[in-house]
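Novice: Shown below is the structure under consideration.
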2 protein chains.
Amino acid sequence: MSPTRVTISDVAWAAGVSPTLVSFALNDRPGVAPTTRARILSVASDMGWSPSHRARALSTARSSAIGMVIARDAELLASDPFFAPLLAGMESVLGASGFSLLLRVVSPGEAERDAYRQLAAQARVDAVVLTDLRVRDRRPALLRELGLLAVAVGRPAGRQSLPRVVLDDRAGITAAVEHLLGLGHRRIAHVSGPRHFVHGAGRRRAWAAALEAAGLRPGQCVEADFTAAGGAKAMHALLDDPDPPTAVVFGNDLMAIAGSAAATGRGVDVPDRMSIVGFDDTELSAHLRPPLTSVRTDVVAWGRAAASTALKLVEGRGAPDIDLPPAQLIVRGSTAPPPAIRH
Amino acid sequence: MSPTRVTISDVAWAAGVSPTLVSFALNDRPGVAPTTRARILSVASDMGWSPSHRARALSTARSSAIGMVIARDAELLASDPFFAPLLAGMESVLGASGFSLLLRVVSPGEAERDAYRQLAAQARVDAVVLTDLRVRDRRPALLRELGLLAVAVGRPAGRQSLPRVVLDDRAGITAAVEHLLGLGHRRIAHVSGPRHFVHGAGRRRAWAAALEAAGLRPGQCVEADFTAAGGAKAMHALLDDPDPPTAVVFGNDLMAIAGSAAATGRGVDVPDRMSIVGFDDTELSAHLRPPLTSVRTDVVAWGRAAASTALKLVEGRGAPDIDLPPAQLIVRGSTAPPPAIRH
DNA sequence: TTGTACGCGTTATCAT
DNA sequence: ATGATAACGCGTACAA
């Protein structure tokens, strides 16, 4: 029944050579006569042998795995449009190099640090990819202490040296605000994600800076949590203001869609009385009514870049920071001139 | 600089015992005096030693990893609300047992089979979890041939023996149709996912059966692809029919939301002239306007169950099939009596 | 409790 | 240049 795994020795024996030579042939190393190499490879293939990842990992001290620790509730993870395409992008690069992705989902808090410690202690991964960067993120320091190679997806706070793959999402926010300004809006609010996230804070600053550049006073900003419920609540808060905005730039599509529905539900029509801009440009956004103006980022490319940077690190090559094309505003029907200058 | 990993021998030497005893102490095996055990563990902890996963994997012939191959385009993956909570649920169980999740994302087709072959050949995982079951799924046979342990998330076609974790989603569809019938609808259409998916086909059959049980003729069914674009297109097709339905049950929320917007865009109000039911009960659904009636499944629990079944398999214990609580209809504002019986 | 073989490749070191 | 032999990595199983 159990046909005891084929090992390198079996192949060597069948090919009439030593295990060493099989290894050399397989790994394209010099010192193997071409004909011998061909024979070995052919025998290996015939016997259906491929080296045991376990044994190889032990002797090379490489796991051929890249780790990623996600510190989020399942709930929040489910509705996040960032997560899956990032994984897909990473995997497309990793898989091609024989690497795999080792995922850990933990609840936020100390469990996260433990997860990194375990990955390091057990040497299960060759490097990790950091996402959801936080404003005062203790992970870079922890990883350095643990001796774990790491790549940051985004711009980590502090000028310390984590190789990073950056996609400038602020450019999209700036474009959004300018688009709204061009339509005639003067009261442009922002519903941000949690401010302890670097990208949440960054988008908020980009929004504020764009307003300031236009000579406007600071707009209203509500800090929310990237959930639909949070987006709706934020919109209600804005509408409760005696001087509500005529446009809102949301930190993600989920909040934007819920916020839009919340406004409509109070009789505030979108886009006639309220313009809405989202962020992520989820597939759904183009198919809503009105279709959502949103900011698009190429998350798959981001994942690919993160993975290839991680691989470079593992191979000991220097890993230069990568700058991806910036986020781009996709204008759709949820933005229109404000009611005041309508006729 | 590189402080050469602490090994079991270092610990043994420091504790004045043999490596074997350290191993025994660590693994709570009998034959170690309590005081000795305590001393060993204390020394190990002081030295910051934990066993190398690589070495352990080699000697136990276990990877402590569960694999999952996702054969989908990044695009489709991004908007799928199933994927992330399933992973999260699995991870919560795996992580607690020191296992990790090894993910592979491939494009549909032969690459998928290759991915399984690689996982098996390299012995990188102890078992795999199968999702997106297909009607004529060749994977069970492939996995048997490869000798890979596997768990099916859902009800695999064919009565062959893959341990399975089943959540009856059909019950939710049945409830949805009955809910619509109760409201007075008689023309209830269905927009299904691709029919080669078991769950797509199953939901479609549940819909058809519920109609038949009510003595109605077969309703209109449009096969779509689980995307927003597909949902919108399907709704247009239904509305183009000379005798359009008054209610539509969609195979997922994404299509339902887009379909709803498509109807509204043609002046067909939801729910006054068209009732809509989704599937998944995504977080957004409750915050739309109107809020979406949908079918809820506990995907996190599904993931947990799949993982624990996989672990049982790996440990050689029998793995009984698991039946989770069935999907549940959540009634919201997108369903209402049909226009005919309105007054 | 301890010694020793073993798992399975990789990589010096040696021999032709 | 080609190839073989042996040590190594690190923990576990089993006999002693």
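The way I read the labels, and the way they are meant: chains A, B, ... in the order of the structure tokens, residue 1 as the first residue of every chain, and ligand 1 as the first ligand shown, with later ones counted on from there.
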Mind checking which residues fall within 9 Å of B:Asp298, counting only C-alpha atoms (C1' of nucleotides), ignoring those fewer than 3 positions away in the same chain, and posting them as a PyMOL selection string?
Specialist: chain B and resi 85+167+280+301-303+324-327
Novice: For N, CA and C atoms, I'd like the residues from the last selection saved as a PDB file, in the first residue's frame.
Specialist:
ATOM      1  N   PRO B  85     -13.121  34.757   5.316  1.00  0.00           N
ATOM      2  CA  PRO B  85     -13.574  34.169   6.575  1.00  0.00           C
ATOM      3  C   PRO B  85     -13.283  32.667   6.653  1.00  0.00           C
ATOM      4  N   LEU B 167     -22.278  22.491   4.917  1.00  0.00           N
ATOM      5  CA  LEU B 167     -23.221  23.480   5.428  1.00  0.00           C
ATOM      6  C   LEU B 167     -24.318  23.557   4.387  1.00  0.00           C
ATOM      7  N   ASP B 280     -25.086  35.195   1.075  1.00  0.00           N
ATOM      8  CA  ASP B 280     -23.797  35.397   1.758  1.00  0.00           C
ATOM      9  C   ASP B 280     -24.000  36.292   2.970  1.00  0.00           C
ATOM     10  N   ALA B 301     -17.201  29.371  10.954  1.00  0.00           N
ATOM     11  CA  ALA B 301     -17.399  28.051  11.568  1.00  0.00           C
ATOM     12  C   ALA B 301     -17.080  26.951  10.564  1.00  0.00           C
ATOM     13  N   TRP B 302     -17.407  27.214   9.337  1.00  0.00           N
ATOM     14  CA  TRP B 302     -17.124  26.249   8.278  1.00  0.00           C
ATOM     15  C   TRP B 302     -15.610  26.014   8.186  1.00  0.00           C
ATOM     16  N   GLY B 303     -14.897  27.102   8.215  1.00  0.00           N
ATOM     17  CA  GLY B 303     -13.444  27.002   8.157  1.00  0.00           C
ATOM     18  C   GLY B 303     -12.890  26.253   9.363  1.00  0.00           C
ATOM     19  N   LEU B 324     -22.881  21.286   9.538  1.00  0.00           N
ATOM     20  CA  LEU B 324     -23.021  22.548  10.259  1.00  0.00           C
ATOM     21  C   LEU B 324     -24.474  23.014  10.203  1.00  0.00           C
ATOM     22  N   PRO B 325     -24.834  23.914  11.087  1.00  0.00           N
ATOM     23  CA  PRO B 325     -26.192  24.461  11.025  1.00  0.00           C
ATOM     24  C   PRO B 325     -26.442  25.044   9.648  1.00  0.00           C
ATOM     25  N   PRO B 326     -27.628  24.820   9.117  1.00  0.00           N
ATOM     26  CA  PRO B 326     -27.903  25.246   7.736  1.00  0.00           C
ATOM     27  C   PRO B 326     -27.944  26.758   7.574  1.00  0.00           C
ATOM     28  N   ALA B 327     -27.869  27.162   6.336  1.00  0.00           N
ATOM     29  CA  ALA B 327     -27.946  28.588   6.016  1.00  0.00           C
ATOM     30  C   ALA B 327     -29.305  29.132   6.418  1.00  0.00           C
TER      31      ALA B 327
END
Novice: Any chance you could tabulate, as JSON lines, the residues of chain D at most 8 Å from chain A with each one's nearest atom pair and distance in Å to one decimal, using only C-alpha atoms (C1' of nucleotides), in chain and rising number order?
Specialist:
{"residue": "D:DA1", "atom": "C1'", "partner": "A:Gly31", "partner_atom": "CA", "distance": 6.7}
{"residue": "D:DT2", "atom": "C1'", "partner": "A:Gly31", "partner_atom": "CA", "distance": 6.2}
{"residue": "D:DG3", "atom": "C1'", "partner": "A:Leu21", "partner_atom": "CA", "distance": 7.5}
{"residue": "D:DA4", "atom": "C1'", "partner": "A:Ser18", "partner_atom": "CA", "distance": 6.6}
{"residue": "D:DC8", "atom": "C1'", "partner": "A:Ser59", "partner_atom": "CA", "distance": 7.8}
{"residue": "D:DG9", "atom": "C1'", "partner": "A:Ser59", "partner_atom": "CA", "distance": 5.3}
{"residue": "D:DC10", "atom": "C1'", "partner": "A:Leu58", "partner_atom": "CA", "distance": 7.8}
Novice: Which distance in Å separates atom CA of B:Arg187 and atom CA of B:Pro245, to one decimal?
Specialist: 4.7 Å
Novice: What does the distance between atom CA of B:Val43 and atom CA of B:Gly98 come to in Å, to one decimal place?
Specialist: 22.1 Å
Novice: Any idea which chain C residues end up within 8 Å of chain B if we count only C-alpha atoms (C1' of nucleotides), as a PyMOL selection string please?
Specialist: chain C and resi 1-2+7-8
Novice: Taking a cut-off of 7 Å and counting only C-alpha atoms, can you build a table that, for each residue of chain A near chain B, reports the nearest atom pair and how far apart they are in Å (one decimal), sorted by chain then residue number, as CSV?
Specialist:
residue,atom,partner,partner_atom,distance
A:Ser50,CA,B:Ala121,CA,6.0
A:Pro51,CA,B:Gln122,CA,6.2
A:Ser52,CA,B:Gln122,CA,4.7
A:His53,CA,B:Gln122,CA,4.9
A:Arg54,CA,B:Leu58,CA,5.4
A:Ala55,CA,B:Leu58,CA,5.9
A:Ala57,CA,B:Arg54,CA,6.2
A:Leu58,CA,B:Arg54,CA,5.4
A:Ala74,CA,B:Pro85,CA,5.3
A:Glu75,CA,B:Pro85,CA,7.0
A:Leu77,CA,B:Ala84,CA,5.9
A:Ala78,CA,B:Ala84,CA,4.9
A:Ser79,CA,B:Pro81,CA,6.4
A:Pro81,CA,B:Ala78,CA,5.5
A:Ala84,CA,B:Ala78,CA,4.9
A:Pro85,CA,B:Ala78,CA,5.3
A:Ala88,CA,B:Ala74,CA,5.5
A:Glu91,CA,B:Val105,CA,5.8
A:Ser92,CA,B:Val105,CA,6.9
A:Ser100,CA,B:Leu102,CA,6.6
A:Leu101,CA,B:Leu103,CA,5.5
A:Leu102,CA,B:Leu102,CA,4.9
A:Leu103,CA,B:Leu101,CA,5.5
A:Arg104,CA,B:Glu91,CA,6.3
A:Val105,CA,B:Ala88,CA,5.8
A:Ala121,CA,B:Ser50,CA,6.1
A:Gln122,CA,B:Ser52,CA,4.8
A:Ala123,CA,B:Ser52,CA,6.3
A:Arg124,CA,B:His53,CA,6.3
A:Ala228,CA,B:Leu284,CA,5.5
A:Ala229,CA,B:His287,CA,6.8
A:Leu254,CA,B:Leu284,CA,6.8
A:Ala258,CA,B:His287,CA,5.2
A:Ala261,CA,B:Arg289,CA,5.3
A:Gly265,CA,B:Arg289,CA,6.9
A:Glu283,CA,B:Ala228,CA,6.6
A:Leu284,CA,B:Ala228,CA,5.5
A:His287,CA,B:Ala258,CA,5.2
A:Leu288,CA,B:Ala261,CA,5.4
A:Arg289,CA,B:Ala261,CA,5.3
Novice: How about saving the chosen residues, C-alpha atoms kept, as a CSV table (one decimal), in the first residue's frame?
Specialist:
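result_17.csv written:
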chain,number,residue,atom,x,y,z
A,50,SER,CA,11.1,15.3,-6.7
A,51,PRO,CA,13.2,16.3,-3.7
A,52,SER,CA,11.5,16.3,-0.3
A,53,HIS,CA,10.9,19.8,0.7
A,54,ARG,CA,11.4,18.8,4.3
A,55,ALA,CA,14.9,17.4,3.8
A,57,ALA,CA,14.7,22.7,4.1
A,58,LEU,CA,16.8,21.1,6.7
A,74,ALA,CA,-12.5,37.4,10.6
A,75,GLU,CA,-15.4,39.8,10.2
A,77,LEU,CA,-11.2,40.4,6.9
A,78,ALA,CA,-14.2,39.2,5.0
A,79,SER,CA,-15.2,42.5,3.7
A,81,PRO,CA,-11.1,44.0,-0.8
A,84,ALA,CA,-7.4,38.6,-1.4
A,85,PRO,CA,-5.8,40.4,-4.4
A,88,ALA,CA,-3.1,36.5,-5.2
A,91,GLU,CA,1.3,34.0,-4.8
A,92,SER,CA,1.8,34.5,-8.5
A,100,SER,CA,4.8,29.2,-0.8
A,101,LEU,CA,2.8,31.5,1.3
A,102,LEU,CA,2.4,30.7,5.0
A,103,LEU,CA,-0.5,32.5,6.4
A,104,ARG,CA,-1.4,33.2,10.0
A,105,VAL,CA,-4.6,35.0,11.0
A,121,ALA,CA,11.8,30.6,16.5
A,122,GLN,CA,10.6,27.6,14.4
A,123,ALA,CA,12.3,29.0,11.4
A,124,ARG,CA,9.2,28.3,9.3
A,228,ALA,CA,-20.1,49.5,6.4
A,229,ALA,CA,-21.7,50.2,9.8
A,254,LEU,CA,-17.4,49.8,1.8
A,258,ALA,CA,-22.9,52.4,3.2
A,261,ALA,CA,-27.1,54.6,1.4
A,265,GLY,CA,-32.1,57.1,3.4
A,283,GLU,CA,-15.8,45.5,-8.6
A,284,LEU,CA,-19.2,46.3,-7.2
A,287,HIS,CA,-22.4,48.6,-10.8
A,288,LEU,CA,-24.1,50.6,-8.1
A,289,ARG,CA,-26.7,53.3,-8.5
Novice: Would you please give, as an mmCIF file with C-alpha atoms, in the first residue's frame, all residues of stretch 196-226 of chain A that DSSP assigns to helix (DSSP H, G or I) based on the backbone?
Specialist:
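Printed below is part.cif as written:
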data_model
loop_
_atom_site.group_PDB
_atom_site.id
_atom_site.type_symbol
_atom_site.label_atom_id
_atom_site.label_comp_id
_atom_site.auth_asym_id
_atom_site.auth_seq_id
_atom_site.Cartn_x
_atom_site.Cartn_y
_atom_site.Cartn_z
ATOM 1 C CA VAL A 198 -0.539 54.454 8.301
ATOM 2 C CA HIS A 199 -2.691 54.372 5.211
ATOM 3 C CA GLY A 200 -5.670 55.696 7.138
ATOM 4 C CA ALA A 201 -3.611 58.563 8.488
ATOM 5 C CA GLY A 202 -1.947 59.172 5.143
ATOM 6 C CA ARG A 203 -5.208 59.464 3.265
ATOM 7 C CA ARG A 204 -6.495 61.814 5.890
ATOM 8 C CA ARG A 205 -3.469 64.036 5.568
ATOM 9 C CA ALA A 206 -3.680 64.038 1.801
ATOM 10 C CA TRP A 207 -7.288 65.165 2.039
ATOM 11 C CA ALA A 208 -6.433 67.914 4.515
ATOM 12 C CA ALA A 209 -3.482 69.071 2.458
ATOM 13 C CA ALA A 210 -5.517 69.266 -0.737
ATOM 14 C CA LEU A 211 -8.092 71.432 1.000
ATOM 15 C CA GLU A 212 -5.433 73.646 2.423
ATOM 16 C CA ALA A 213 -3.758 73.984 -0.941
#
Novice: Give me, please, the distance in Å between atom CA of A:Tyr116 and atom CA of B:Ser97, quoted to one decimal.
Specialist: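 Distance between the two atoms: 15.8 Å.
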